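A.B. asks: Got a structure for you, written out below as C-alpha cells; questions coming shortly.
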Amino acid sequence: ERVVRAGSTGNLCRSAGSTPAPLGRSAGSTPVLGLATGSTPVGTYRELARRHREDGLSFAHCRAFLLDEYIGLPKAAEQSYFSFIRDNFVDHVDLDDAAVFSPDGEADDIAAEAQRYDAAIAAAGGVDVQILGIGTDGHIGFNEPGSSLKSRTRVKTLTEQTRVDNARFFDSPEDVPHHVLTQGLGTIDEARHLVLIATGESKADAVAAAVEGPLSAYCPASAVQWHPHATVLLDEAAASSL
Ligand code: GLP
C-alpha cells in the first residue's frame, strides 16, 4: 500500500490492491468511461469540466456507461441517474449524449435489459476507468451488502438505509424507488482501473471495512482489494477509521 498527499487540500490518496498491472485499453480508439452518480464524484466532474474549458481536455471520442439506474423512473425524470450525469457532467463537456449509456429502468423485460447492458459494456471493449463512490453500508453501484462478488448487471432491492441516504434527491422519502438495475460486482471488477472516492466522516467505517476488512460480500466495496489496479481517494474524515 502507498499513501501520498495530494494537492494543498491535504487529501489522502491511498492505493489499495497488489502491484498495479499495466493499464490496457479498450479495443479501438474509443476510451470507455465508467461513471458513478451520488454527491461524491461531483467535484471530480466539475474539475474535468474545468479542464475541458480551460485546457482543452476532450471527451469527444469517449463513450460512457453508468453504474446503475432506478427501476420505474423515466430516463428524463429529474432524479434518474441518466439526468444526474447529464446535468453534472455531460452537459459541461464535449461528450456526445448519444455516447452515454445507462440501464433502462423502464424496460418491459428488466432481466433481459440487465443482460443486454452487461453485453453492451463488453461489446464496447470494457470500461477503461471506473469511478466509484461508496454507500454508508459499503455498497458500490447499488450492490448492497450480500451481493455476490461475481454478480453481473441485475435487479437489486435497496436497503432502507440506502433509501434514507438517497432521499435528499427526492421530494419525499417515500418517492425513492425500492428497486434498481446495477452493474454487478463481477461486471465492475472487469474495468481496467477502479477509482473509488470517499469524503466525510459518514463514510469512514465503510471505507475501513472496504480497505482493511476481509474481502467479503458483506462489504461490496471490499471488491477493490482483489482488483489489480484500484485507487482509493479519501479526504482526512473518510480516512479517519483506518
Ligand atoms: C448511490 C449510488 C452509488 C453512490 C452512493 C453514495 O447509492 N448508487 O454509486 O456511491 O449513492 O452516494 P454519495 O456520494 O452521494 O454519498
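We name chains A, B, ... following the order of the C-alpha cells; residues begin at 1 in each chain, and ligands are numbered from 1 as shown.
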Please find the residues contacting ligand 1 at a distance of at most 10 Å between atoms, with only C-alpha atoms and all ligand atoms counted, and report them as number ranges by chain.

C.D. replies: A: 35-42, 66-70, 81, 131-144, 158, 161-163, 165-166, 168-169, 180-182, 196-200, 202-203, 221

A.B. asks: Within 10 Å of A:Glu212, counting only C-alpha atoms, which residues qualify if same-chain residues fewer than 5 places away don't, as a PyMOL selection string?

C.D. replies: chain A and resi 16+206-207+222+225+241-242

A.B. asks: Kindly save the residues from that selection, with N, CA and C atoms included, as a PDB file, in the first residue's frame.

C.D. replies:
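That gives us selection-v2.pdb:
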```pdb
ATOM      1  N   ALA A  16      -4.923   0.846  -3.051  1.00  0.00           N
ATOM      2  CA  ALA A  16      -5.185  -0.477  -2.486  1.00  0.00           C
ATOM      3  C   ALA A  16      -4.913  -1.513  -3.558  1.00  0.00           C
ATOM      4  N   ALA A 206     -17.319   2.539   6.523  1.00  0.00           N
ATOM      5  CA  ALA A 206     -17.444   1.759   5.286  1.00  0.00           C
ATOM      6  C   ALA A 206     -16.095   1.678   4.576  1.00  0.00           C
ATOM      7  N   VAL A 207     -15.354   2.785   4.588  1.00  0.00           N
ATOM      8  CA  VAL A 207     -14.025   2.800   3.952  1.00  0.00           C
ATOM      9  C   VAL A 207     -13.085   1.843   4.671  1.00  0.00           C
ATOM     10  N   SER A 222     -15.292  -3.948  -0.660  1.00  0.00           N
ATOM     11  CA  SER A 222     -14.029  -4.664  -0.427  1.00  0.00           C
ATOM     12  C   SER A 222     -13.551  -5.325  -1.715  1.00  0.00           C
ATOM     13  N   GLN A 225     -10.187  -4.725  -3.180  1.00  0.00           N
ATOM     14  CA  GLN A 225      -8.947  -5.367  -2.705  1.00  0.00           C
ATOM     15  C   GLN A 225      -8.416  -6.405  -3.684  1.00  0.00           C
ATOM     16  N   SER A 241     -11.056   6.236  10.126  1.00  0.00           N
ATOM     17  CA  SER A 241     -11.152   4.941  10.821  1.00  0.00           C
ATOM     18  C   SER A 241     -10.095   3.947  10.360  1.00  0.00           C
ATOM     19  N   LEU A 242      -9.207   4.377   9.495  1.00  0.00           N
ATOM     20  CA  LEU A 242      -8.154   3.456   9.012  1.00  0.00           C
ATOM     21  C   LEU A 242      -7.070   3.322  10.079  1.00  0.00           C
TER      22      LEU A 242
END
```

A.B. asks: If you run DSSP over the backbone, which residues in stretch 2-233 of chain A end up helix (DSSP H, G or I)? Put them as a PyMOL selection string.

C.D. replies: chain A and resi 42-55+81-88+90-92+97-99+110-123+160-169+173-175+185-189+201-212+220-226

A.B. asks: As a ChimeraX atom specification, please: all residues of stretch 11-222 of chain A that backbone DSSP puts in strand (DSSP E or B).

C.D. replies: /A:11-16,32-35,63-66,68-70,100-101,129-132,140,143,154-157,179-182,193-198,216,219

A.B. asks: I need the residue nearest A:Pro74 from this list: A:Val164, A:Pro177, A:Thr159, A:Ala120. Use only C-alpha atoms for the distance.

C.D. replies: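 Once distances to A:Pro74 are computed over only C-alpha atoms, the minimum belongs to A:Pro177.
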